[in-house]
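S.K.: Here you go, this is target23.cif (mmCIF, C-alpha atoms).
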```
data_coords
loop_
_atom_site.label_atom_id
_atom_site.label_comp_id
_atom_site.auth_asym_id
_atom_site.auth_seq_id
_atom_site.Cartn_x
_atom_site.Cartn_y
_atom_site.Cartn_z
CA MET A 1 9.48 2.68 26.86
CA ILE A 2 5.77 2.04 26.38
CA PRO A 3 4.53 3.32 23.02
CA THR A 4 1.24 5.16 22.60
CA ILE A 5 -1.09 4.56 19.69
CA THR A 6 -4.16 6.54 18.72
CA ALA A 7 -7.57 5.05 17.96
CA PHE A 8 -11.07 6.32 17.20
CA GLU A 9 -12.93 7.65 20.21
CA ARG A 10 -15.85 5.80 18.62
CA SER A 11 -15.11 3.58 15.62
CA PRO A 12 -17.45 3.87 12.62
CA ASP A 13 -17.78 0.08 12.62
CA GLY A 14 -19.13 -0.02 16.17
CA GLY A 15 -16.52 -2.50 17.38
CA LYS A 16 -16.18 -4.96 14.49
CA GLY A 17 -12.42 -4.52 14.70
CA LEU A 18 -12.03 -3.18 11.15
CA ALA A 19 -10.53 0.18 12.14
CA ARG A 20 -6.82 0.19 11.47
CA ASP A 21 -5.77 0.45 15.10
CA THR A 22 -6.75 -3.23 15.45
CA ARG A 23 -3.90 -4.17 13.07
CA VAL A 24 -1.36 -2.36 15.21
CA ARG A 25 -2.84 -3.72 18.45
CA TRP A 26 -2.57 -7.23 16.98
CA ALA A 27 1.10 -6.73 16.10
CA LEU A 28 1.84 -5.33 19.56
CA GLU A 29 0.13 -8.33 21.14
CA GLU A 30 2.02 -10.79 18.91
CA VAL A 31 5.39 -9.40 20.02
CA GLY A 32 4.32 -8.96 23.66
CA GLN A 33 4.77 -5.19 23.76
CA ARG A 34 2.54 -3.30 26.20
CA TYR A 35 1.06 -0.09 24.84
CA ASP A 36 -1.05 2.88 25.78
CA VAL A 37 -3.99 4.16 23.73
CA ARG A 38 -5.09 7.74 23.25
CA LEU A 39 -8.57 8.13 21.80
CA VAL A 40 -9.22 10.83 19.20
CA SER A 41 -12.58 12.23 18.11
CA PHE A 42 -13.48 12.77 14.44
CA GLY A 43 -13.24 16.50 14.98
CA ALA A 44 -9.83 16.36 16.65
CA MET A 45 -8.44 14.14 13.86
CA LYS A 46 -8.68 17.08 11.46
CA GLU A 47 -7.10 19.62 13.83
CA ALA A 48 -3.52 20.84 13.72
CA ALA A 49 -2.31 18.90 16.77
CA HIS A 50 -3.29 15.57 15.22
CA LEU A 51 -2.26 16.55 11.68
CA ALA A 52 1.22 17.19 13.06
CA LEU A 53 1.35 13.48 13.89
CA HIS A 54 -0.62 12.20 10.90
CA PRO A 55 -0.70 14.42 7.78
CA PHE A 56 -3.77 12.62 6.43
CA GLY A 57 -5.82 13.09 9.60
CA GLN A 58 -6.35 9.41 10.35
CA ILE A 59 -5.68 6.86 13.05
CA PRO A 60 -3.61 5.05 14.18
CA THR A 61 -0.45 6.93 14.96
CA TYR A 62 2.45 5.45 16.91
CA GLN A 63 4.55 7.43 19.35
CA GLU A 64 7.62 6.05 21.06
CA GLY A 65 9.55 8.84 22.72
CA GLU A 66 10.58 11.24 19.96
CA LEU A 67 9.63 8.85 17.17
CA VAL A 68 6.25 9.45 15.54
CA LEU A 69 4.99 7.08 12.84
CA PHE A 70 1.75 6.72 10.92
CA GLU A 71 0.58 4.16 8.31
CA THR A 72 -0.11 0.72 9.76
CA GLY A 73 2.33 -0.89 7.33
CA ALA A 74 5.19 1.25 8.59
CA ILE A 75 4.25 0.83 12.25
CA ILE A 76 3.96 -2.94 12.00
CA LEU A 77 7.20 -3.23 10.02
CA HIS A 78 8.93 -1.11 12.68
CA LEU A 79 7.66 -3.43 15.43
CA ALA A 80 8.50 -6.54 13.41
CA GLN A 81 12.08 -5.40 12.85
CA ARG A 82 12.67 -4.70 16.54
CA HIS A 83 10.95 -7.67 18.15
CA ALA A 84 10.97 -11.40 17.42
CA GLY A 85 7.79 -13.06 16.26
CA LEU A 86 6.57 -11.29 13.15
CA LEU A 87 9.35 -11.81 10.59
CA PRO A 88 11.53 -14.82 9.79
CA THR A 89 15.24 -14.52 10.57
CA ASP A 90 16.40 -15.74 7.13
CA ALA A 91 16.96 -12.66 4.94
CA GLY A 92 15.17 -14.03 1.88
CA ALA A 93 12.15 -15.26 3.83
CA ARG A 94 12.06 -11.90 5.58
CA ALA A 95 11.95 -10.01 2.28
CA ARG A 96 9.16 -12.30 1.08
CA ALA A 97 7.12 -11.67 4.24
CA VAL A 98 7.51 -7.93 3.67
CA THR A 99 6.35 -8.50 0.09
CA TRP A 100 3.09 -9.93 1.43
CA MET A 101 2.64 -6.88 3.65
CA PHE A 102 2.84 -4.62 0.61
CA ALA A 103 0.65 -6.99 -1.43
CA ALA A 104 -2.04 -6.79 1.26
CA LEU A 105 -1.97 -3.00 1.34
CA ASN A 106 -1.37 -2.08 -2.31
CA THR A 107 -2.93 -4.97 -4.26
CA VAL A 108 -5.61 -6.64 -2.12
CA GLU A 109 -6.88 -3.66 -0.13
CA PRO A 110 -7.69 -1.16 -2.96
CA PRO A 111 -10.65 -3.24 -4.27
CA VAL A 112 -12.19 -3.41 -0.79
CA LEU A 113 -11.75 0.34 -0.40
CA ASP A 114 -13.67 0.68 -3.70
CA LEU A 115 -16.33 -1.61 -2.33
CA ALA A 116 -16.66 0.57 0.79
CA ILE A 117 -16.93 3.68 -1.39
CA ALA A 118 -19.69 2.05 -3.46
CA ARG A 119 -21.61 0.56 -0.53
CA ILE A 120 -21.23 3.42 1.94
CA VAL A 121 -20.10 6.71 0.37
CA GLU A 122 -22.07 6.27 -2.90
CA ASN A 123 -24.81 4.07 -1.48
CA ASP A 124 -27.62 6.48 -2.40
CA ARG A 125 -26.29 7.41 -5.84
CA PRO A 126 -28.45 6.33 -8.78
CA TRP A 127 -25.63 4.39 -10.47
CA THR A 128 -24.70 2.21 -7.52
CA PRO A 129 -27.08 -0.72 -8.23
CA ASP A 130 -25.64 -1.09 -11.74
CA ARG A 131 -22.07 -0.33 -10.78
CA LEU A 132 -21.71 -2.51 -7.68
CA PRO A 133 -21.49 -5.80 -9.61
CA LEU A 134 -18.47 -4.44 -11.54
CA VAL A 135 -16.76 -3.47 -8.29
CA MET A 136 -17.49 -6.91 -6.85
CA ASP A 137 -16.08 -8.63 -9.95
CA ARG A 138 -12.86 -6.62 -9.77
CA ALA A 139 -12.51 -7.70 -6.15
CA ARG A 140 -13.08 -11.33 -7.17
CA VAL A 141 -10.13 -11.16 -9.58
CA ARG A 142 -7.75 -10.33 -6.72
CA LEU A 143 -9.33 -12.72 -4.23
CA GLY A 144 -9.24 -15.54 -6.79
CA GLN A 145 -5.53 -14.96 -7.42
CA LEU A 146 -4.81 -14.85 -3.69
CA SER A 147 -6.85 -18.00 -3.14
CA ALA A 148 -4.87 -19.82 -5.84
CA SER A 149 -1.59 -18.66 -4.34
CA LEU A 150 -2.50 -19.71 -0.80
CA GLY A 151 -3.78 -23.13 -1.89
CA ASP A 152 -4.11 -25.47 1.07
CA THR A 153 -1.31 -24.01 3.17
CA ASP A 154 -1.90 -22.44 6.56
CA TRP A 155 -0.04 -19.18 5.92
CA LEU A 156 1.22 -17.33 2.86
CA ASP A 157 4.88 -18.29 3.09
CA GLY A 158 5.92 -20.71 5.83
CA ALA A 159 5.23 -19.64 9.41
CA PHE A 160 2.80 -16.88 10.40
CA SER A 161 4.35 -13.46 9.72
CA ALA A 162 3.54 -9.76 9.54
CA GLY A 163 2.52 -10.49 5.95
CA ASP A 164 -0.25 -12.79 7.19
CA LEU A 165 -1.24 -10.34 9.92
CA MET A 166 -1.75 -7.65 7.30
CA MET A 167 -3.44 -9.91 4.74
CA VAL A 168 -5.89 -11.34 7.28
CA SER A 169 -6.66 -7.81 8.47
CA VAL A 170 -7.40 -6.68 4.90
CA LEU A 171 -9.48 -9.79 4.13
CA LEU A 172 -11.61 -9.19 7.22
CA ARG A 173 -12.89 -6.07 5.49
CA TYR A 174 -14.26 -8.23 2.65
CA ARG A 175 -16.38 -10.40 4.96
CA ALA A 176 -19.49 -8.20 5.14
CA SER A 177 -19.80 -8.24 1.33
CA GLY A 178 -20.06 -12.03 1.27
CA LEU A 179 -17.04 -12.19 -1.05
CA LEU A 180 -14.72 -13.78 1.48
CA ASP A 181 -17.00 -16.79 1.85
CA GLU A 182 -16.81 -17.43 -1.91
CA TYR A 183 -13.22 -18.64 -1.31
CA SER A 184 -13.28 -21.33 1.34
CA ASN A 185 -9.52 -21.44 1.79
CA LEU A 186 -9.39 -17.67 2.32
CA ALA A 187 -12.25 -17.85 4.83
CA ALA A 188 -10.39 -20.60 6.70
CA TYR A 189 -7.16 -18.57 6.55
CA VAL A 190 -8.90 -15.57 8.10
CA ALA A 191 -10.40 -17.83 10.78
CA ARG A 192 -6.88 -19.10 11.61
CA GLY A 193 -5.80 -15.51 12.07
CA GLU A 194 -8.73 -14.69 14.30
CA ALA A 195 -8.03 -17.79 16.39
CA ARG A 196 -4.61 -16.49 17.43
CA PRO A 197 -4.63 -15.39 21.08
CA ALA A 198 -2.90 -12.12 20.16
CA TYR A 199 -5.69 -11.28 17.70
CA ALA A 200 -8.33 -12.12 20.29
CA ARG A 201 -6.70 -9.76 22.79
CA ALA A 202 -6.46 -6.97 20.19
CA PHE A 203 -10.08 -7.44 19.16
CA ALA A 204 -11.28 -7.41 22.76
CA ALA A 205 -9.33 -4.24 23.51
CA GLN A 206 -10.95 -2.28 20.67
CA LEU A 207 -14.36 -3.77 21.44
CA ALA A 208 -14.15 -2.54 25.04
CA ILE A 209 -13.93 1.01 23.70
CA ASN A 210 -16.41 0.78 20.84
CA ALA A 211 -19.18 -1.39 22.19
CA PRO A 212 -19.11 -1.09 25.96
CA SER A 213 -21.72 -3.15 27.70
CA ASP A 214 -24.26 -0.92 29.34
CA MET B 1 24.98 -10.81 -8.80
CA ILE B 2 22.97 -8.84 -11.32
CA PRO B 3 19.23 -8.95 -10.57
CA THR B 4 16.59 -9.37 -13.25
CA ILE B 5 13.34 -7.46 -13.26
CA THR B 6 10.33 -8.00 -15.48
CA ALA B 7 8.53 -5.28 -17.45
CA PHE B 8 5.72 -5.07 -20.00
CA GLU B 9 6.67 -6.17 -23.49
CA ARG B 10 4.62 -3.14 -24.52
CA SER B 11 3.42 -0.81 -21.75
CA PRO B 12 -0.23 0.30 -21.88
CA ASP B 13 0.95 3.90 -21.44
CA GLY B 14 3.10 3.82 -24.57
CA GLY B 15 6.25 4.93 -22.75
CA LYS B 16 5.03 7.60 -20.33
CA GLY B 17 6.92 5.82 -17.58
CA LEU B 18 3.85 5.12 -15.45
CA ALA B 19 4.20 1.33 -15.45
CA ARG B 20 5.52 0.11 -12.14
CA ASP B 21 8.83 -1.19 -13.50
CA THR B 22 9.92 2.46 -13.79
CA ARG B 23 9.81 2.77 -9.98
CA VAL B 24 12.13 -0.19 -9.57
CA ARG B 25 14.42 0.97 -12.39
CA TRP B 26 14.65 4.37 -10.66
CA ALA B 27 15.63 2.77 -7.34
CA LEU B 28 18.22 0.57 -9.05
CA GLU B 29 19.68 3.65 -10.77
CA GLU B 30 19.74 5.65 -7.51
CA VAL B 31 21.82 2.96 -5.77
CA GLY B 32 23.98 2.26 -8.82
CA GLN B 33 22.96 -1.37 -9.23
CA ARG B 34 23.08 -2.77 -12.78
CA TYR B 35 20.13 -4.94 -13.75
CA ASP B 36 18.75 -7.09 -16.51
CA VAL B 37 15.21 -6.82 -17.85
CA ARG B 38 12.99 -9.62 -19.11
CA LEU B 39 9.96 -8.46 -21.07
CA VAL B 40 6.62 -10.21 -20.57
CA SER B 41 3.58 -10.10 -22.85
CA PHE B 42 0.06 -9.60 -21.48
CA GLY B 43 -0.74 -13.20 -22.30
CA ALA B 44 2.34 -14.60 -20.57
CA MET B 45 1.63 -12.53 -17.43
CA LYS B 46 -1.41 -14.69 -16.74
CA GLU B 47 0.35 -18.02 -17.37
CA ALA B 48 1.63 -20.39 -14.71
CA ALA B 49 5.31 -19.61 -15.19
CA HIS B 50 4.79 -15.92 -14.43
CA LEU B 51 2.18 -16.52 -11.73
CA ALA B 52 4.79 -18.61 -9.90
CA LEU B 53 6.83 -15.41 -9.61
CA HIS B 54 3.92 -12.98 -9.17
CA PRO B 55 0.65 -14.41 -7.80
CA PHE B 56 -1.33 -11.42 -9.10
CA GLY B 57 -0.02 -11.71 -12.67
CA GLN B 58 1.60 -8.30 -12.85
CA ILE B 59 4.97 -6.71 -13.42
CA PRO B 60 7.54 -5.98 -12.12
CA THR B 61 9.09 -8.98 -10.44
CA TYR B 62 12.61 -9.01 -9.03
CA GLN B 63 14.89 -12.04 -9.16
CA GLU B 64 18.26 -12.17 -7.50
CA GLY B 65 19.56 -15.72 -7.46
CA GLU B 66 17.05 -17.78 -5.49
CA LEU B 67 15.21 -14.73 -4.15
CA VAL B 68 12.02 -13.77 -5.97
CA LEU B 69 10.10 -10.66 -4.93
CA PHE B 70 7.09 -8.81 -6.29
CA GLU B 71 5.36 -5.55 -5.19
CA THR B 72 7.37 -2.44 -5.95
CA GLY B 73 7.26 -1.39 -2.29
CA ALA B 74 8.94 -4.59 -1.18
CA ILE B 75 11.48 -4.57 -4.00
CA ILE B 76 12.48 -0.97 -3.37
CA LEU B 77 12.66 -1.47 0.39
CA HIS B 78 14.87 -4.52 -0.20
CA LEU B 79 17.22 -2.46 -2.39
CA ALA B 80 17.17 0.47 0.05
CA GLN B 81 18.12 -1.75 2.98
CA ARG B 82 21.08 -3.28 1.15
CA HIS B 83 22.54 -0.24 -0.62
CA ALA B 84 23.29 3.28 0.52
CA GLY B 85 21.37 6.17 -0.99
CA LEU B 86 17.67 5.55 -0.45
CA LEU B 87 17.24 5.52 3.33
CA PRO B 88 18.78 7.65 6.08
CA THR B 89 21.15 5.92 8.50
CA ASP B 90 19.46 7.26 11.66
CA ALA B 91 16.94 4.64 12.82
CA GLY B 92 14.12 7.10 13.46
CA ALA B 93 14.56 8.94 10.17
CA ARG B 94 14.70 5.57 8.44
CA ALA B 95 11.37 4.49 9.95
CA ARG B 96 9.83 7.80 8.88
CA ALA B 97 11.07 7.36 5.30
CA VAL B 98 9.48 3.91 5.23
CA THR B 99 6.28 5.51 6.54
CA TRP B 100 6.20 7.72 3.45
CA MET B 101 6.65 4.67 1.21
CA PHE B 102 3.55 3.11 2.75
CA ALA B 103 1.69 6.44 2.65
CA ALA B 104 2.37 6.70 -1.08
CA LEU B 105 1.13 3.19 -1.77
CA ASN B 106 -1.77 2.82 0.66
CA THR B 107 -3.07 6.39 1.12
CA VAL B 108 -2.13 8.47 -1.94
CA GLU B 109 -2.27 5.82 -4.65
CA PRO B 110 -5.80 4.36 -4.09
CA PRO B 111 -7.57 7.56 -5.27
CA VAL B 112 -5.56 7.60 -8.50
CA LEU B 113 -6.35 3.94 -9.07
CA ASP B 114 -10.03 4.93 -8.71
CA LEU B 115 -9.48 7.72 -11.19
CA ALA B 116 -7.97 5.27 -13.68
CA ILE B 117 -10.92 2.92 -13.20
CA ALA B 118 -13.37 5.78 -13.85
CA ARG B 119 -11.49 7.27 -16.80
CA ILE B 120 -10.38 4.06 -18.51
CA VAL B 121 -12.22 0.94 -17.31
CA GLU B 122 -15.62 2.66 -16.84
CA ASN B 123 -15.11 5.39 -19.43
CA ASP B 124 -18.11 4.34 -21.55
CA ARG B 125 -20.46 3.65 -18.66
CA PRO B 126 -23.49 5.97 -18.42
CA TRP B 127 -22.71 7.06 -14.85
CA THR B 128 -19.14 8.17 -15.43
CA PRO B 129 -19.85 11.83 -16.35
CA ASP B 130 -21.77 12.33 -13.09
CA ARG B 131 -19.48 10.18 -10.99
CA LEU B 132 -16.07 11.45 -12.12
CA PRO B 133 -16.31 14.76 -10.19
CA LEU B 134 -16.80 12.81 -6.95
CA VAL B 135 -13.73 10.69 -7.68
CA MET B 136 -11.73 13.83 -8.46
CA ASP B 137 -12.85 15.48 -5.22
CA ARG B 138 -11.82 12.47 -3.16
CA ALA B 139 -8.40 12.65 -4.81
CA ARG B 140 -8.21 16.37 -3.99
CA VAL B 141 -8.67 15.62 -0.28
CA ARG B 142 -5.53 13.48 -0.24
CA LEU B 143 -3.50 15.77 -2.49
CA GLY B 144 -4.46 18.79 -0.39
CA GLN B 145 -3.31 17.06 2.79
CA LEU B 146 -0.06 16.00 1.15
CA SER B 147 0.49 19.51 -0.20
CA ALA B 148 0.00 20.97 3.29
CA SER B 149 2.42 18.48 4.78
CA LEU B 150 5.13 19.09 2.17
CA GLY B 151 4.85 22.87 2.46
CA ASP B 152 7.82 24.58 0.86
CA THR B 153 10.37 21.85 1.58
CA ASP B 154 12.20 19.99 -1.17
CA TRP B 155 11.48 16.47 0.05
CA LEU B 156 9.04 14.90 2.51
CA ASP B 157 11.42 14.44 5.44
CA GLY B 158 14.95 15.78 5.10
CA ALA B 159 17.04 14.37 2.26
CA PHE B 160 15.61 12.52 -0.76
CA SER B 161 14.63 8.97 0.22
CA ALA B 162 12.79 5.90 -1.00
CA GLY B 163 9.69 7.60 0.45
CA ASP B 164 10.09 10.45 -2.03
CA LEU B 165 10.86 8.05 -4.87
CA MET B 166 7.59 6.26 -4.24
CA MET B 167 5.54 9.41 -3.64
CA VAL B 168 6.80 11.12 -6.81
CA SER B 169 6.09 7.94 -8.76
CA VAL B 170 2.51 7.83 -7.47
CA LEU B 171 1.96 11.57 -8.07
CA LEU B 172 3.11 11.21 -11.67
CA ARG B 173 -0.01 9.11 -12.24
CA TYR B 174 -2.16 12.12 -11.27
CA ARG B 175 -0.64 14.42 -13.88
CA ALA B 176 -2.84 13.47 -16.86
CA SER B 177 -5.99 14.35 -14.85
CA GLY B 178 -4.81 17.90 -14.31
CA LEU B 179 -5.06 17.43 -10.53
CA LEU B 180 -1.33 17.58 -9.91
CA ASP B 181 -1.13 21.08 -11.37
CA GLU B 182 -3.75 22.30 -8.88
CA TYR B 183 -1.05 22.01 -6.17
CA SER B 184 1.96 24.01 -7.27
CA ASN B 185 4.24 22.68 -4.55
CA LEU B 186 3.38 19.10 -5.48
CA ALA B 187 3.99 19.80 -9.17
CA ALA B 188 7.37 21.31 -8.28
CA TYR B 189 8.15 18.33 -6.02
CA VAL B 190 7.44 15.92 -8.88
CA ALA B 191 9.60 18.01 -11.21
CA ARG B 192 12.46 17.78 -8.69
CA GLY B 193 12.10 14.00 -8.76
CA GLU B 194 12.08 13.90 -12.54
CA ALA B 195 15.20 16.08 -12.63
CA ARG B 196 17.27 13.49 -10.79
CA PRO B 197 19.75 11.81 -13.16
CA ALA B 198 18.72 8.37 -11.86
CA TYR B 199 15.09 9.06 -12.78
CA ALA B 200 16.09 10.27 -16.22
CA ARG B 201 18.03 7.05 -16.85
CA ALA B 202 15.13 4.91 -15.65
CA PHE B 203 12.66 6.83 -17.82
CA ALA B 204 14.88 6.56 -20.90
CA ALA B 205 15.32 2.82 -20.38
CA GLN B 206 11.57 2.13 -20.34
CA LEU B 207 11.00 4.55 -23.22
CA ALA B 208 13.50 2.70 -25.37
CA ILE B 209 11.28 -0.38 -25.09
CA ASN B 210 7.88 1.24 -25.32
CA ALA B 211 8.32 3.97 -27.88
CA PRO B 212 11.24 2.96 -30.07
CA SER B 213 12.02 5.49 -32.74
CA ASP B 214 11.25 4.07 -36.13
#
```
Translate the structure of the given file into structure tokens.

M.R.:
Amino acid sequence: MIPTITAFERSPDGGKGLARDTRVRWALEEVGQRYDVRLVSFGAMKEAAHLALHPFGQIPTYQEGELVLFETGAIILHLAQRHAGLLPTDAGARARAVTWMFAALNTVEPPVLDLAIARIVENDRPWTPDRLPLVMDRARVRLGQLSASLGDTDWLDGAFSAGDLMMVSVLLRYRASGLLDEYSNLAAYVARGEARPAYARAFAAQLAINAPSD
Amino acid sequence: MIPTITAFERSPDGGKGLARDTRVRWALEEVGQRYDVRLVSFGAMKEAAHLALHPFGQIPTYQEGELVLFETGAIILHLAQRHAGLLPTDAGARARAVTWMFAALNTVEPPVLDLAIARIVENDRPWTPDRLPLVMDRARVRLGQLSASLGDTDWLDGAFSAGDLMMVSVLLRYRASGLLDEYSNLAAYVARGEARPAYARAFAAQLAINAPSD
């Protein structure tokens, strides 16, 4: 059965690959699972039909027959548990890879969400010039800890896993701020992720929708 | 084998049960798994010995023989996969319960982290009086969507699951702001969580450390 995911009809990032459907596309490509995409407009995301699939009115969703999932973490974990290639077989290593998925989403991503709020949502507020350096410094605390933990290894814990897929995806959101380049091993880690053929296919697929050549 | 978790030597909340070890204690109590606790001071959390267990210098950690995990989501999922009581047996229902765990941590928790930053970390900053209403309104968007999704059901998707455990734990952090009480079904949902004997045992165990009677 070919699953269907949803994605923005037109991503706010114009094809930079930062919308969350790219994470799910990447996981699908890593495990070699074909998929269909249904595009959703901003208006339709807030309507009842979409809210029945995703209570928070976002993308992506994942539909596979009767099963409907949302939250990229849950979708990618579901794929990783049913296909080889995204989680180690050893039970302990598997639990550690899942730990990195949660660390990406609950510890490393919140500061970059704050950064997006400051730089986009509150960009024209009078306090933003004074406040932004505090937000940046809080992000540096997390990135510094992650950088120390990664050290000079290729991936977070042994072979590439769903934990790396999620962490690289989250770190990509830091790039525009310049913060990622302050940590050379994290920048190289992200580049290793982007160099994976599955990532390249996922990126190209979202780009074809969001920045069509004309 | 009895696992060992770490917790604050003295929680910043003085025993309100909002530190993340309470979530893990609750899960351990739900599945009937005894556990040991090792208390860690703020200073020790940033030292090499603790950072080797938790790269971000936080609590809780979870040690079970050679296995070391951090991130409450990963710890609770690990427990839920190995013991009955926190995840449904049906594969689809199980994936949906995991979806709610991720929704709690990556969609519902970030706005309350922002609220804590505004009300605690940036409390004395000149912009906070003007900015706080914006932060509150962003939180209301998420809580309103969650409230609509929960409706008048007892739990998020059928029987109580690890998804509810995590969501109730995250919602408890909203209570002090008054926001939780704006959504009567969410307040009642949290009260149902608190009424579970396993939660009561977890709460009492952290309270005994953080607010000893003297």

S.K.: Neighbourhood query: residues within 8 Å of (22.1, 4.9, -5.8), file coordinates, counting only C-alpha atoms; return as a list of chain:residue names.

M.R.: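 Output of the proximity query reads B:Ala27, B:Leu28, B:Glu29, B:Glu30, B:Val31, B:Gly32, B:Gln33, B:His83, B:Ala84, B:Gly85, B:Leu86, B:Ala198.
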
S.K.: Go ahead and save the picked residues with C-alpha atoms, as a PDB file, in the frame of the given file.

M.R.:
```
ATOM      1  CA  ALA B  27      15.630   2.770  -7.340  1.00  0.00           C
ATOM      2  CA  LEU B  28      18.220   0.570  -9.050  1.00  0.00           C
ATOM      3  CA  GLU B  29      19.680   3.650 -10.770  1.00  0.00           C
ATOM      4  CA  GLU B  30      19.740   5.650  -7.510  1.00  0.00           C
ATOM      5  CA  VAL B  31      21.820   2.960  -5.770  1.00  0.00           C
ATOM      6  CA  GLY B  32      23.980   2.260  -8.820  1.00  0.00           C
ATOM      7  CA  GLN B  33      22.960  -1.370  -9.230  1.00  0.00           C
ATOM      8  CA  HIS B  83      22.540  -0.240  -0.620  1.00  0.00           C
ATOM      9  CA  ALA B  84      23.290   3.280   0.520  1.00  0.00           C
ATOM     10  CA  GLY B  85      21.370   6.170  -0.990  1.00  0.00           C
ATOM     11  CA  LEU B  86      17.670   5.550  -0.450  1.00  0.00           C
ATOM     12  CA  ALA B 198      18.720   8.370 -11.860  1.00  0.00           C
TER      13      ALA B 198
END
```

S.K.: Find the spatial neighbours of Ser184 in chain B, counting all atoms listed in the file, within a cut-off of 12 Å - ignore same-chain residues fewer than 4 positions away - and output them as a tab-separated table (two decimals) with C-alpha atoms, in the frame of the given file.

M.R.:
```
chain	number	residue	atom	x	y	z
B	143	LEU	CA	-3.50	15.77	-2.49
B	144	GLY	CA	-4.46	18.79	-0.39
B	146	LEU	CA	-0.06	16.00	1.15
B	147	SER	CA	0.49	19.51	-0.20
B	148	ALA	CA	0.00	20.97	3.29
B	150	LEU	CA	5.13	19.09	2.17
B	151	GLY	CA	4.85	22.87	2.46
B	152	ASP	CA	7.82	24.58	0.86
B	175	ARG	CA	-0.64	14.42	-13.88
B	178	GLY	CA	-4.81	17.90	-14.31
B	179	LEU	CA	-5.06	17.43	-10.53
B	180	LEU	CA	-1.33	17.58	-9.91
B	188	ALA	CA	7.37	21.31	-8.28
B	189	TYR	CA	8.15	18.33	-6.02
B	190	VAL	CA	7.44	15.92	-8.88
B	191	ALA	CA	9.60	18.01	-11.21
```

S.K.: Tell me, in Å to one decimal, how far CA of Pro60 in chain B is from CA of Gly43 in chain B.

M.R.: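 A separation of 15.0 Å between them.
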
S.K.: What residues in chain A lie within 6 Å of chain B, counting all atoms listed in the file, written as an MDAnalysis selection string?

M.R.: chainID A and resid 55:56 74 99 105:106 110 127 145 149

S.K.: Now that the selection is made, can you save its residues with C-alpha atoms as an mmCIF file, keeping the file's coordinate frame?

M.R.:
```
data_model
loop_
_atom_site.group_PDB
_atom_site.id
_atom_site.type_symbol
_atom_site.label_atom_id
_atom_site.label_comp_id
_atom_site.auth_asym_id
_atom_site.auth_seq_id
_atom_site.Cartn_x
_atom_site.Cartn_y
_atom_site.Cartn_z
ATOM 1 C CA PRO A 55 -0.700 14.420 7.780
ATOM 2 C CA PHE A 56 -3.770 12.620 6.430
ATOM 3 C CA ALA A 74 5.190 1.250 8.590
ATOM 4 C CA THR A 99 6.350 -8.500 0.090
ATOM 5 C CA LEU A 105 -1.970 -3.000 1.340
ATOM 6 C CA ASN A 106 -1.370 -2.080 -2.310
ATOM 7 C CA PRO A 110 -7.690 -1.160 -2.960
ATOM 8 C CA TRP A 127 -25.630 4.390 -10.470
ATOM 9 C CA GLN A 145 -5.530 -14.960 -7.420
ATOM 10 C CA SER A 149 -1.590 -18.660 -4.340
#
```

S.K.: Enumerate, as a list of chain:residue names, the residues matched when the PyMOL selection byres ((chain B and resi 44) around 12) is run on the file above.

M.R.: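 Matching residues under the PyMOL selection byres ((chain B and resi 44) around 12) are B:Thr6, B:Ala7, B:Phe8, B:Glu9, B:Arg38, B:Leu39, B:Val40, B:Ser41, B:Phe42, B:Gly43, B:Met45, B:Lys46, B:Glu47, B:Ala48, B:Ala49, B:His50, B:Leu51, B:Ala52, B:Leu53, B:His54, B:Gly57, B:Gln58, B:Ile59.
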
S.K.: Here's the selection I'm unsure about, the PyMOL selection byres ((chain A and resi 3) around 6); applied to the file above, which residues does it give, as a PyMOL selection string?

M.R.: chain A and resi 2+4+35+63-64

S.K.: Would you output that residue set with C-alpha atoms, as a short mmCIF file (atom, residue, chain, number, x, y, z; two decimals), keeping the file's coordinate frame?

M.R.:
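What landed in part-v9.cif:
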```cif
data_model
loop_
_atom_site.label_atom_id
_atom_site.label_comp_id
_atom_site.auth_asym_id
_atom_site.auth_seq_id
_atom_site.Cartn_x
_atom_site.Cartn_y
_atom_site.Cartn_z
CA ILE A 2 5.77 2.04 26.38
CA THR A 4 1.24 5.16 22.60
CA TYR A 35 1.06 -0.09 24.84
CA GLN A 63 4.55 7.43 19.35
CA GLU A 64 7.62 6.05 21.06
#
```

S.K.: For the file shown, report as a VMD selection string the outcome of the PyMOL selection byres ((chain A and resi 206) around 12) at residue level.

M.R.: chain A and resid 6 to 11 13 to 26 37 to 39 199 to 205 207 to 212

S.K.: Choose the residue, out of A:Gly65, A:Pro12, A:Pro88, A:Gly193, that has the smallest atom-to-atom separation from Asp154 in chain A; count all atoms listed in the file.

M.R.: A:Gly193

S.K.: One decimal, Å: what's the distance from CA of Tyr174 in chain B over to CA of Met167 in chain A, could you say?

M.R.: 27.3 Å

S.K.: Interatomic distance between CA of Thr153 in chain B and CA of Arg192 in chain B?

M.R.: 11.2 Å

S.K.: Go ahead and fit an axis-aligned box to every listed atom of range 20-32 of chain A plus 3 Å each side, and pass me the centre and edge lengths in Å, one decimal, as lines of an AutoDock Vina configuration file.

M.R.:
```
center_x = -0.7
center_y = -5.2
center_z = 17.6
size_x = 18.2
size_y = 17.2
size_z = 18.2
```
